[in-house]
Structures are given as structure tokens and as C-alpha cells.
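Structure data (PDB, C-alpha atoms) from start.pdb:
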```pdb
ATOM      1  CA  MET A   1     104.406  89.667   9.393
ATOM      2  CA  PHE A   2     105.494  90.190  13.034
ATOM      3  CA  LYS A   3     109.186  89.995  12.125
ATOM      4  CA  LYS A   4     108.799  92.594   9.398
ATOM      5  CA  LEU A   5     107.051  95.082  11.724
ATOM      6  CA  ALA A   6     109.284  94.502  14.743
ATOM      7  CA  ALA A   7     112.278  96.532  13.527
ATOM      8  CA  PRO A   8     110.303  99.638  12.505
ATOM      9  CA  LEU A   9     108.314  99.534  15.751
ATOM     10  CA  LEU A  10     111.445  99.194  17.827
ATOM     11  CA  LEU A  11     113.047 102.065  15.912
ATOM     12  CA  ALA A  12     109.998 104.275  16.452
ATOM     13  CA  ALA A  13     109.948 103.410  20.140
ATOM     14  CA  ALA A  14     113.633 104.264  20.422
ATOM     15  CA  VAL A  15     113.125 107.624  18.698
ATOM     16  CA  CYS A  16     110.237 108.442  21.042
ATOM     17  CA  ALA A  17     112.316 107.437  24.050
ATOM     18  CA  VAL A  18     115.200 109.660  22.962
ATOM     19  CA  ALA A  19     112.843 112.572  22.258
ATOM     20  CA  PHE A  20     111.187 112.145  25.654
ATOM     21  CA  SER A  21     114.469 111.908  27.530
ATOM     22  CA  ALA A  22     115.795 114.972  25.698
ATOM     23  CA  ALA A  23     112.938 117.174  26.885
ATOM     24  CA  PRO A  24     114.480 119.646  29.332
ATOM     25  CA  ALA A  25     113.333 119.420  32.935
ATOM     26  CA  LYS A  26     111.318 122.352  34.191
ATOM     27  CA  HIS A  27     113.066 124.859  36.415
ATOM     28  CA  LYS A  28     111.504 124.973  39.872
ATOM     29  CA  ILE A  29     111.053 128.424  41.398
ATOM     30  CA  LEU A  30     109.853 129.360  44.890
ATOM     31  CA  PHE A  31     107.600 132.447  44.777
ATOM     32  CA  PHE A  32     107.692 133.665  48.385
ATOM     33  CA  THR A  33     105.174 136.332  49.433
ATOM     34  CA  LYS A  34     105.186 136.591  53.214
ATOM     35  CA  SER A  35     104.155 140.096  54.269
ATOM     36  CA  SER A  36     105.339 140.943  57.758
ATOM     37  CA  GLY A  37     104.502 144.519  56.737
ATOM     38  CA  TYR A  38     101.889 145.747  54.282
ATOM     39  CA  GLU A  39     100.473 143.024  52.035
ATOM     40  CA  HIS A  40      99.964 144.135  48.438
ATOM     41  CA  ALA A  41      96.663 143.189  46.851
ATOM     42  CA  VAL A  42      98.418 141.673  43.843
ATOM     43  CA  ILE A  43      99.927 138.899  46.027
ATOM     44  CA  SER A  44      97.002 138.405  48.403
ATOM     45  CA  TRP A  45      95.399 134.953  48.544
ATOM     46  CA  LYS A  46      91.593 134.912  48.474
ATOM     47  CA  ASN A  47      89.845 131.764  49.716
ATOM     48  CA  GLY A  48      93.042 129.788  49.268
ATOM     49  CA  GLN A  49      93.270 130.643  45.568
ATOM     50  CA  PRO A  50      96.480 131.867  43.874
ATOM     51  CA  SER A  51      96.941 135.639  43.835
ATOM     52  CA  TYR A  52      96.763 137.767  40.715
ATOM     53  CA  ALA A  53     100.560 137.811  40.323
ATOM     54  CA  GLU A  54     100.718 134.061  40.833
ATOM     55  CA  ARG A  55      98.159 133.423  38.098
ATOM     56  CA  VAL A  56     100.268 135.532  35.723
ATOM     57  CA  LEU A  57     103.384 133.591  36.738
ATOM     58  CA  LEU A  58     101.628 130.294  36.063
ATOM     59  CA  GLU A  59     100.948 131.477  32.514
ATOM     60  CA  LEU A  60     104.541 132.636  32.053
ATOM     61  CA  GLY A  61     105.735 129.370  33.548
ATOM     62  CA  GLU A  62     103.820 127.351  30.963
ATOM     63  CA  LYS A  63     105.477 129.341  28.180
ATOM     64  CA  ASN A  64     108.989 129.177  29.590
ATOM     65  CA  GLY A  65     109.275 125.799  31.296
ATOM     66  CA  TRP A  66     109.045 127.035  34.887
ATOM     67  CA  GLU A  67     107.307 125.264  37.740
ATOM     68  CA  PHE A  68     106.316 127.449  40.691
ATOM     69  CA  GLU A  69     105.783 126.713  44.349
ATOM     70  CA  PHE A  70     103.829 129.453  46.125
ATOM     71  CA  SER A  71     104.466 130.006  49.836
ATOM     72  CA  LYS A  72     104.070 132.521  52.661
ATOM     73  CA  ASP A  73     105.673 130.242  55.262
ATOM     74  CA  GLY A  74     109.054 131.596  56.327
ATOM     75  CA  SER A  75     109.720 128.755  58.774
ATOM     76  CA  LYS A  76     110.492 126.422  55.850
ATOM     77  CA  PHE A  77     113.671 128.296  54.901
ATOM     78  CA  SER A  78     116.660 126.008  55.409
ATOM     79  CA  LYS A  79     119.489 124.561  53.353
ATOM     80  CA  ASP A  80     117.530 121.377  52.636
ATOM     81  CA  TYR A  81     114.277 123.151  51.752
ATOM     82  CA  LEU A  82     115.912 125.612  49.359
ATOM     83  CA  ALA A  83     117.955 122.874  47.657
ATOM     84  CA  GLN A  84     114.904 121.749  45.645
ATOM     85  CA  PHE A  85     114.641 125.109  43.831
ATOM     86  CA  ASP A  86     116.612 126.619  40.974
ATOM     87  CA  ALA A  87     115.685 130.154  42.050
ATOM     88  CA  VAL A  88     113.833 132.003  44.810
ATOM     89  CA  PHE A  89     111.506 134.891  43.918
ATOM     90  CA  PHE A  90     110.569 137.470  46.609
ATOM     91  CA  TYR A  91     107.529 139.759  46.706
ATOM     92  CA  THR A  92     107.688 140.415  50.437
ATOM     93  CA  THR A  93     107.541 143.182  53.052
ATOM     94  CA  GLY A  94     108.915 143.890  56.490
ATOM     95  CA  ASP A  95     111.055 141.877  58.879
ATOM     96  CA  LEU A  96     110.460 138.342  57.653
ATOM     97  CA  CYS A  97     111.902 137.023  60.917
ATOM     98  CA  SER A  98     108.780 138.282  62.711
ATOM     99  CA  GLU A  99     105.212 137.034  62.302
ATOM    100  CA  GLY A 100     103.996 140.532  61.471
ATOM    101  CA  THR A 101     100.927 141.545  59.539
ATOM    102  CA  ASP A 102      99.942 138.364  57.731
ATOM    103  CA  LYS A 103     100.547 136.133  60.784
ATOM    104  CA  ASN A 104     102.244 133.495  58.643
ATOM    105  CA  PRO A 105     105.203 131.647  60.227
ATOM    106  CA  PRO A 106     108.355 133.781  60.314
ATOM    107  CA  MET A 107     111.787 132.983  58.965
ATOM    108  CA  SER A 108     114.538 132.240  61.481
ATOM    109  CA  ALA A 109     117.894 134.021  61.470
ATOM    110  CA  GLU A 110     119.364 130.714  60.275
ATOM    111  CA  GLY A 111     116.782 130.600  57.468
ATOM    112  CA  LYS A 112     117.749 134.093  56.362
ATOM    113  CA  GLN A 113     121.406 133.068  56.229
ATOM    114  CA  ALA A 114     120.425 129.893  54.371
ATOM    115  CA  LEU A 115     118.982 132.104  51.612
ATOM    116  CA  PHE A 116     122.268 133.980  51.234
ATOM    117  CA  ASP A 117     124.276 130.751  51.217
ATOM    118  CA  TYR A 118     121.894 129.174  48.705
ATOM    119  CA  VAL A 119     122.310 132.006  46.187
ATOM    120  CA  LYS A 120     126.037 132.326  46.767
ATOM    121  CA  SER A 121     126.433 128.627  45.925
ATOM    122  CA  GLY A 122     125.226 129.296  42.373
ATOM    123  CA  LYS A 123     121.445 129.664  42.501
ATOM    124  CA  GLY A 124     119.200 132.537  41.424
ATOM    125  CA  PHE A 125     117.223 135.237  43.229
ATOM    126  CA  ILE A 126     114.514 137.446  41.736
ATOM    127  CA  GLY A 127     112.849 140.354  43.520
ATOM    128  CA  THR A 128     109.951 142.565  42.456
ATOM    129  CA  HIS A 129     108.567 145.761  43.974
ATOM    130  CA  SER A 130     108.396 145.406  47.760
ATOM    131  CA  ALA A 131     111.254 142.917  47.921
ATOM    132  CA  SER A 132     113.190 146.133  48.628
ATOM    133  CA  ASP A 133     110.727 146.990  51.444
ATOM    134  CA  THR A 134     112.030 143.940  53.313
ATOM    135  CA  PHE A 135     114.560 143.580  56.168
ATOM    136  CA  HIS A 136     115.087 147.324  56.649
ATOM    137  CA  THR A 137     118.358 148.383  58.235
ATOM    138  CA  ASP A 138     117.832 148.895  61.983
ATOM    139  CA  ASN A 139     114.057 148.694  61.463
ATOM    140  CA  GLU A 140     114.192 152.115  59.803
ATOM    141  CA  SER A 141     110.864 151.643  58.041
ATOM    142  CA  GLN A 142     109.311 152.594  61.379
ATOM    143  CA  LYS A 143     111.456 155.715  61.927
ATOM    144  CA  GLY A 144     111.648 159.311  60.735
ATOM    145  CA  PRO A 145     114.781 161.055  59.350
ATOM    146  CA  GLU A 146     116.887 157.900  59.834
ATOM    147  CA  ARG A 147     114.859 156.306  57.055
ATOM    148  CA  TYR A 148     116.576 158.629  54.560
ATOM    149  CA  LEU A 149     120.177 157.759  55.498
ATOM    150  CA  ASN A 150     122.640 155.592  53.580
ATOM    151  CA  HIS A 151     124.584 153.028  55.623
ATOM    152  CA  GLY A 152     126.939 151.483  53.084
ATOM    153  CA  ASP A 153     128.632 148.358  54.427
ATOM    154  CA  LYS A 154     126.677 148.722  57.697
ATOM    155  CA  ALA A 155     123.326 148.275  55.962
ATOM    156  CA  ASP A 156     121.367 145.108  56.659
ATOM    157  CA  ALA A 157     122.917 142.064  54.965
ATOM    158  CA  TYR A 158     119.740 141.600  52.913
ATOM    159  CA  VAL A 159     119.923 145.199  51.622
ATOM    160  CA  ARG A 160     123.500 144.620  50.447
ATOM    161  CA  PHE A 161     122.435 141.302  48.919
ATOM    162  CA  LEU A 162     119.437 142.749  47.057
ATOM    163  CA  GLY A 163     121.168 145.944  45.951
ATOM    164  CA  ALA A 164     119.152 148.749  47.618
ATOM    165  CA  GLU A 165     116.463 149.609  50.174
ATOM    166  CA  PHE A 166     113.031 151.220  49.852
ATOM    167  CA  ILE A 167     112.526 154.691  51.373
ATOM    168  CA  LYS A 168     109.016 155.820  50.369
ATOM    169  CA  HIS A 169     106.791 156.205  47.358
ATOM    170  CA  GLY A 170     104.637 159.091  46.184
ATOM    171  CA  ALA A 171     101.415 159.148  44.214
ATOM    172  CA  GLN A 172     101.113 156.658  41.372
ATOM    173  CA  GLN A 173     102.117 158.252  38.090
ATOM    174  CA  VAL A 174     103.635 157.647  34.680
ATOM    175  CA  ALA A 175     107.438 157.896  34.881
ATOM    176  CA  LYS A 176     110.160 157.623  32.247
ATOM    177  CA  ASN A 177     112.728 154.865  32.693
ATOM    178  CA  THR A 178     115.834 154.977  30.508
ATOM    179  CA  VAL A 179     117.306 151.622  29.484
ATOM    180  CA  THR A 180     121.024 151.515  30.301
ATOM    181  CA  ASP A 181     121.809 148.031  28.957
ATOM    182  CA  PRO A 182     119.646 147.122  25.927
ATOM    183  CA  LYS A 183     121.682 143.927  25.449
ATOM    184  CA  PHE A 184     120.525 142.435  28.750
ATOM    185  CA  PRO A 185     117.955 139.621  28.374
ATOM    186  CA  GLY A 186     114.414 140.957  28.127
ATOM    187  CA  PHE A 187     115.327 144.469  26.985
ATOM    188  CA  ALA A 188     115.880 143.832  23.283
ATOM    189  CA  GLY A 189     112.388 144.895  22.227
ATOM    190  CA  VAL A 190     111.801 147.496  24.923
ATOM    191  CA  GLY A 191     113.503 150.418  23.205
ATOM    192  CA  SER A 192     115.594 153.161  24.713
ATOM    193  CA  GLU A 193     112.984 154.050  27.348
ATOM    194  CA  TYR A 194     109.681 152.886  28.797
ATOM    195  CA  GLY A 195     107.049 154.160  31.206
ATOM    196  CA  PHE A 196     103.523 153.532  32.453
ATOM    197  CA  GLN A 197     101.299 154.194  35.465
ATOM    198  CA  GLU A 198     102.874 152.575  38.507
ATOM    199  CA  GLU A 199     103.664 153.046  42.189
ATOM    200  CA  TRP A 200     107.331 153.937  41.772
ATOM    201  CA  TYR A 201     109.618 153.326  44.731
ATOM    202  CA  SER A 202     112.211 155.841  45.836
ATOM    203  CA  LEU A 203     115.263 153.801  46.832
ATOM    204  CA  LYS A 204     118.529 154.306  48.727
ATOM    205  CA  ASP A 205     121.790 152.655  49.761
ATOM    206  CA  PHE A 206     122.633 151.111  46.403
ATOM    207  CA  THR A 207     125.231 148.343  46.554
ATOM    208  CA  PRO A 208     128.196 149.637  44.494
ATOM    209  CA  ASP A 209     128.551 146.464  42.413
ATOM    210  CA  ILE A 210     125.065 146.459  40.863
ATOM    211  CA  HIS A 211     124.724 146.410  37.089
ATOM    212  CA  VAL A 212     122.029 148.998  36.356
ATOM    213  CA  LEU A 213     119.522 148.031  33.655
ATOM    214  CA  SER A 214     117.198 151.038  33.798
ATOM    215  CA  VAL A 215     117.199 154.444  35.490
ATOM    216  CA  ILE A 216     114.094 156.389  36.502
ATOM    217  CA  ASP A 217     113.827 160.104  35.721
ATOM    218  CA  ALA A 218     113.091 161.244  39.277
ATOM    219  CA  PRO A 219     113.529 165.006  38.648
ATOM    220  CA  ALA A 220     110.604 164.938  36.202
ATOM    221  CA  MET A 221     108.293 163.209  38.679
ATOM    222  CA  THR A 222     105.722 164.696  41.040
ATOM    223  CA  GLY A 223     106.200 164.423  44.795
ATOM    224  CA  LYS A 224     108.789 165.138  47.492
ATOM    225  CA  GLU A 225     109.834 161.491  47.378
ATOM    226  CA  TYR A 226     111.357 162.097  43.936
ATOM    227  CA  GLU A 227     113.202 165.360  44.598
ATOM    228  CA  ARG A 228     116.545 163.775  43.836
ATOM    229  CA  PRO A 229     118.759 162.833  40.869
ATOM    230  CA  ALA A 230     117.875 159.890  38.642
ATOM    231  CA  TYR A 231     118.390 156.482  40.295
ATOM    232  CA  PRO A 232     118.221 152.783  39.297
ATOM    233  CA  SER A 233     114.841 151.063  39.005
ATOM    234  CA  THR A 234     116.006 147.653  37.694
ATOM    235  CA  TRP A 235     119.385 145.947  38.078
ATOM    236  CA  ALA A 236     121.352 142.718  38.341
ATOM    237  CA  ARG A 237     124.361 141.654  40.382
ATOM    238  CA  LYS A 238     126.422 138.570  41.173
ATOM    239  CA  GLU A 239     126.380 137.089  44.677
ATOM    240  CA  GLY A 240     129.289 134.676  44.782
ATOM    241  CA  ALA A 241     128.514 132.112  42.080
ATOM    242  CA  GLY A 242     124.832 133.099  42.145
ATOM    243  CA  ARG A 243     122.705 135.770  40.470
ATOM    244  CA  VAL A 244     120.476 138.471  41.937
ATOM    245  CA  TRP A 245     117.953 140.423  39.832
ATOM    246  CA  TYR A 246     115.517 143.110  41.025
ATOM    247  CA  THR A 247     112.971 145.525  39.619
ATOM    248  CA  ALA A 248     110.990 148.128  41.558
ATOM    249  CA  MET A 249     107.966 147.486  39.334
ATOM    250  CA  GLY A 250     105.042 145.203  40.157
ATOM    251  CA  HIS A 251     102.520 147.061  42.322
ATOM    252  CA  ARG A 252      99.569 147.201  39.951
ATOM    253  CA  GLU A 253      97.661 144.339  38.322
ATOM    254  CA  ASP A 254      97.877 145.988  34.898
ATOM    255  CA  VAL A 255     101.655 146.171  35.258
ATOM    256  CA  TRP A 256     101.799 142.381  35.617
ATOM    257  CA  THR A 257     100.024 142.012  32.268
ATOM    258  CA  ASN A 258     101.966 144.835  30.583
ATOM    259  CA  PRO A 259     104.074 143.387  27.706
ATOM    260  CA  THR A 260     107.071 145.591  28.562
ATOM    261  CA  PHE A 261     107.064 144.493  32.198
ATOM    262  CA  GLN A 262     106.626 140.848  31.217
ATOM    263  CA  SER A 263     109.494 141.026  28.740
ATOM    264  CA  ILE A 264     111.809 142.595  31.334
ATOM    265  CA  LEU A 265     110.695 140.125  34.020
ATOM    266  CA  VAL A 266     111.068 137.031  31.825
ATOM    267  CA  GLY A 267     114.556 138.157  30.789
ATOM    268  CA  GLY A 268     115.498 138.684  34.423
ATOM    269  CA  VAL A 269     114.201 135.276  35.492
ATOM    270  CA  LYS A 270     116.021 133.534  32.637
ATOM    271  CA  TRP A 271     119.248 135.279  33.594
ATOM    272  CA  ALA A 272     118.805 134.446  37.293
ATOM    273  CA  LEU A 273     118.252 130.795  36.360
ATOM    274  CA  GLY A 274     121.455 130.785  34.298
ATOM    275  CA  ASP A 275     119.639 129.982  31.052
ATOM    276  CA  VAL A 276     121.030 133.101  29.369
ATOM    277  CA  GLU A 277     124.249 135.010  29.894
ATOM    278  CA  ALA A 278     124.972 138.707  30.312
ATOM    279  CA  ASP A 279     127.877 140.856  31.434
ATOM    280  CA  VAL A 280     126.861 142.399  34.763
ATOM    281  CA  TYR A 281     129.873 144.582  35.450
ATOM    282  CA  PRO A 282     129.316 147.390  38.024
ATOM    283  CA  ASN A 283     128.016 150.535  36.291
ATOM    284  CA  LEU A 284     126.227 152.536  38.995
ATOM    285  CA  LYS A 285     128.589 155.528  38.812
ATOM    286  CA  GLU A 286     128.297 155.762  35.033
ATOM    287  CA  THR A 287     124.525 155.266  34.713
ATOM    288  CA  ALA A 288     123.238 157.035  37.842
ATOM    289  CA  PRO A 289     126.006 159.177  39.335
ATOM    290  CA  GLY A 290     123.604 160.928  41.724
ATOM    291  CA  ALA A 291     121.882 157.792  42.974
ATOM    292  CA  MET A 292     123.229 158.073  46.521
ATOM    293  CA  THR A 293     121.593 161.477  46.976
ATOM    294  CA  ASN A 294     118.317 160.780  48.773
ATOM    295  CA  PRO A 295     115.155 162.900  48.789
ATOM    296  CA  PRO A 296     114.577 165.377  51.640
ATOM    297  CA  TYR A 297     112.897 164.188  54.812
ATOM    298  CA  VAL A 298     109.381 165.513  55.176
ATOM    299  CA  ALA A 299     107.911 165.272  58.665
ATOM    300  CA  PRO A 300     104.413 163.798  58.776
ATOM    301  CA  PRO A 301     101.608 166.194  59.700
ATOM    302  CA  PRO A 302     100.744 166.285  63.416
ATOM    303  CA  PRO A 303      97.786 164.145  64.447
ATOM    304  CA  LYS A 304      94.438 165.879  64.498
ATOM    305  CA  PRO A 305      93.129 166.644  67.977
ATOM    306  CA  ALA A 306      90.436 164.300  69.218
ATOM    307  CA  LYS A 307      86.908 165.608  68.954
ATOM    308  CA  LYS A 308      85.357 166.543  72.279
TER     309      LYS A 308
END
```
Give the structure from this file in C-alpha cells form.
Amino acid sequence: MFKKLAAPLLLAAAVCAVAFSAAPAKHKILFFTKSSGYEHAVISWKNGQPSYAERVLLELGEKNGWEFEFSKDGSKFSKDYLAQFDAVFFYTTGDLCSEGTDKNPPMSAEGKQALFDYVKSGKGFIGTHSASDTFHTDNESQKGPERYLNHGDKADAYVRFLGAEFIKHGAQQVAKNTVTDPKFPGFAGVGSEYGFQEEWYSLKDFTPDIHVLSVIDAPAMTGKEYERPAYPSTWARKEGAGRVWYTAMGHREDVWTNPTFQSILVGGVKWALGDVEADVYPNLKETAPGAMTNPPYVAPPPPKPAKK
């Protein structure tokens, strides 16, 4: 009896072993949310619990084979620390090399360079919303008219790496975004345009080699911040052998659960991880020829006199 069952059992065990070994390993992604400047509610930890965005990412991770590490500790950034991840995902603000608003440990200058080297070696980088409100050129987020200038090659290395820099945003509103590459992962079911209520960033200093994925119809929007030609709102670019993907979306909780946003985000993450391919040739001049024209500077109102 034992001899008759041994062969089938061994065969079944072998099949199970092959099936188990063939299961793809999960991609590991660092979701980094240090806020040296303003901390968005959607990434804020409450009583040590994951933020709203992190809970959404955990759900998306289960569906797509991604494992996330959540951190606000910039001091960990080094070649060895980053080596454990397949991609790094920023939702950050301010000068991450300073302790700043959230008082979490800052990144060192060497840690910042380690990020660039890590991506250039062939890894992925994803940025949402205020990732562009990070490492401002010459600390211009704290200045007046200088905040509206383009610096080109003299912009902060992070700005050139990401693809653009945040200027300001106006009132939340519904805005039309035109899809410029429907073949890019995540855009197949989006259609030719999309739009919903969001805090839309006005951006500047676009890196010339970005591959624009969607363009926002700024002239149709309300607010001085959008008195400018249409400009990119989502894009991708190569950094050496690595991949950089960014979208200005992600302020509101209902955006994180919006099917269009999730589709675009999942496609971007898959591309950054190298799981899907796409041609990311430079197309800024063709898709948003007026993108380097920034909105007019509007001086803030003078402070109200103190009551006597």
C-alpha cells in the first residue's frame, strides 16, 4: 500500500514545491512622508496608526504584490538602507535635510545624494502631490517674487530629478486634465480627459526631458495661480538606468479612493518598478509648449494693524 501511494505523493509534493517557488516575490516599496514643511492630513499618523493614504496603499499592495514600509525618518537614508527597496515613494514637504515641522529626524546631504544614486542605478521613484513641494531651489518657498522664477540647470538637484517644482495652489476646484499618452500604463481606461475636485498645484521649472502624461487646463481654472498656459500635471522620466514618476494629485482623501486616480497611480508604480514598459521620450514642447510661462506674482496683503 505504502509503495503504491509513495510515487503520487512525491509527485504532488514536487508540484506544490514548484508552484510555491514560482510565486513571484513581493516588491518592497518605501513610502516616505517626512514633512519638514506643512504636513497633509492624508499622510498624518494618528496614535501610531497608518495614515489614510497608507491604508489605501496597503489595499493596493495586496492586489498588486507590493509590500510597503512606512517611514518619516530621514536619517535612515543611505546606500545600504535604500538597497532593500525596489522603489521609493515620496509624499513629503520642505527641506528634508532639516528637522522642520514634524520634528522627525532629517536626511543628511549624503542621504539625499544616496537617493539620487539609488534611482540612477536602476531603481524606481514615485512622487505624489507635495513631493514637488520638497527641496525648493534656494529655499524659495519662503520668498516672494523669486518663488515664480525658473532656474533651469541651476535649480535644486532634487527639482531636476523630480521634473518640476511647486509654486502655489489656489482654491480647490474641478479641473480638466487632458491625457497626452493613453498608451502609458494606467491610462488605458481613463479616456481622453479626466477631472475631479482637488487641490491642484501650479508648477514651474519643468525638466526638459520629462515625458508628459497629462496636461491641466490652467486657463479655464479660477485663481491667479492658474493665469498661465496649460502645464503638465503627471509625467515620467528616466534617471540614468532608473525611473521617476510623479503626479500632482493626492491632496484629498476622496482622491485616493477615486478609481481614475488609483488606475493612474497603479500604472505609474508598476512602470517605476519595471514591471511594465513604456516609451518615455521627451515631449514637453509638443504637449505643453507654454509650460515654462509661470503665473504672475501677487503680493500678499499687508498685515492687519494690532488692536489697541
Using only C-alpha atoms, determine which residues lie at most 7 Å from stretch 258-269 of chain A, disregarding the query and same-chain residues fewer than 6 positions distant; provide the list as JSON, numbers by chain. {"A": [126, 185, 186, 187, 190, 245]}
Take the residues from that selection and write them out as a PDB file, in the frame of the given file, keeping C-alpha atoms.
```pdb
ATOM      1  CA  ILE A 126     114.514 137.446  41.736  1.00  0.00           C
ATOM      2  CA  PRO A 185     117.955 139.621  28.374  1.00  0.00           C
ATOM      3  CA  GLY A 186     114.414 140.957  28.127  1.00  0.00           C
ATOM      4  CA  PHE A 187     115.327 144.469  26.985  1.00  0.00           C
ATOM      5  CA  VAL A 190     111.801 147.496  24.923  1.00  0.00           C
ATOM      6  CA  TRP A 245     117.953 140.423  39.832  1.00  0.00           C
TER       7      TRP A 245
END
```
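Nearest to A:Val215 of all the residues A:Leu284, A:Val56, A:Val255, A:Ala25 is A:Leu284, counting all atoms listed in the file.
Shortest atom-to-atom contact with A:Ser233 among A:Thr92, A:Ser75, A:Asn177, A:Ser192: A:Asn177, counting all atoms listed in the file.
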Which residues match the PyMOL selection byres ((chain A and resi 148-153) around 9) in the file above, as a PyMOL selection string? chain A and resi 137+140+144-147+154-157+160+167+204-208+292-297
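The shortest atom-to-atom distance to A:His27, with all atoms listed in the file taken into account, belongs to A:Leu273 out of A:Leu273, A:Val298, A:Ala41, A:Ala306.
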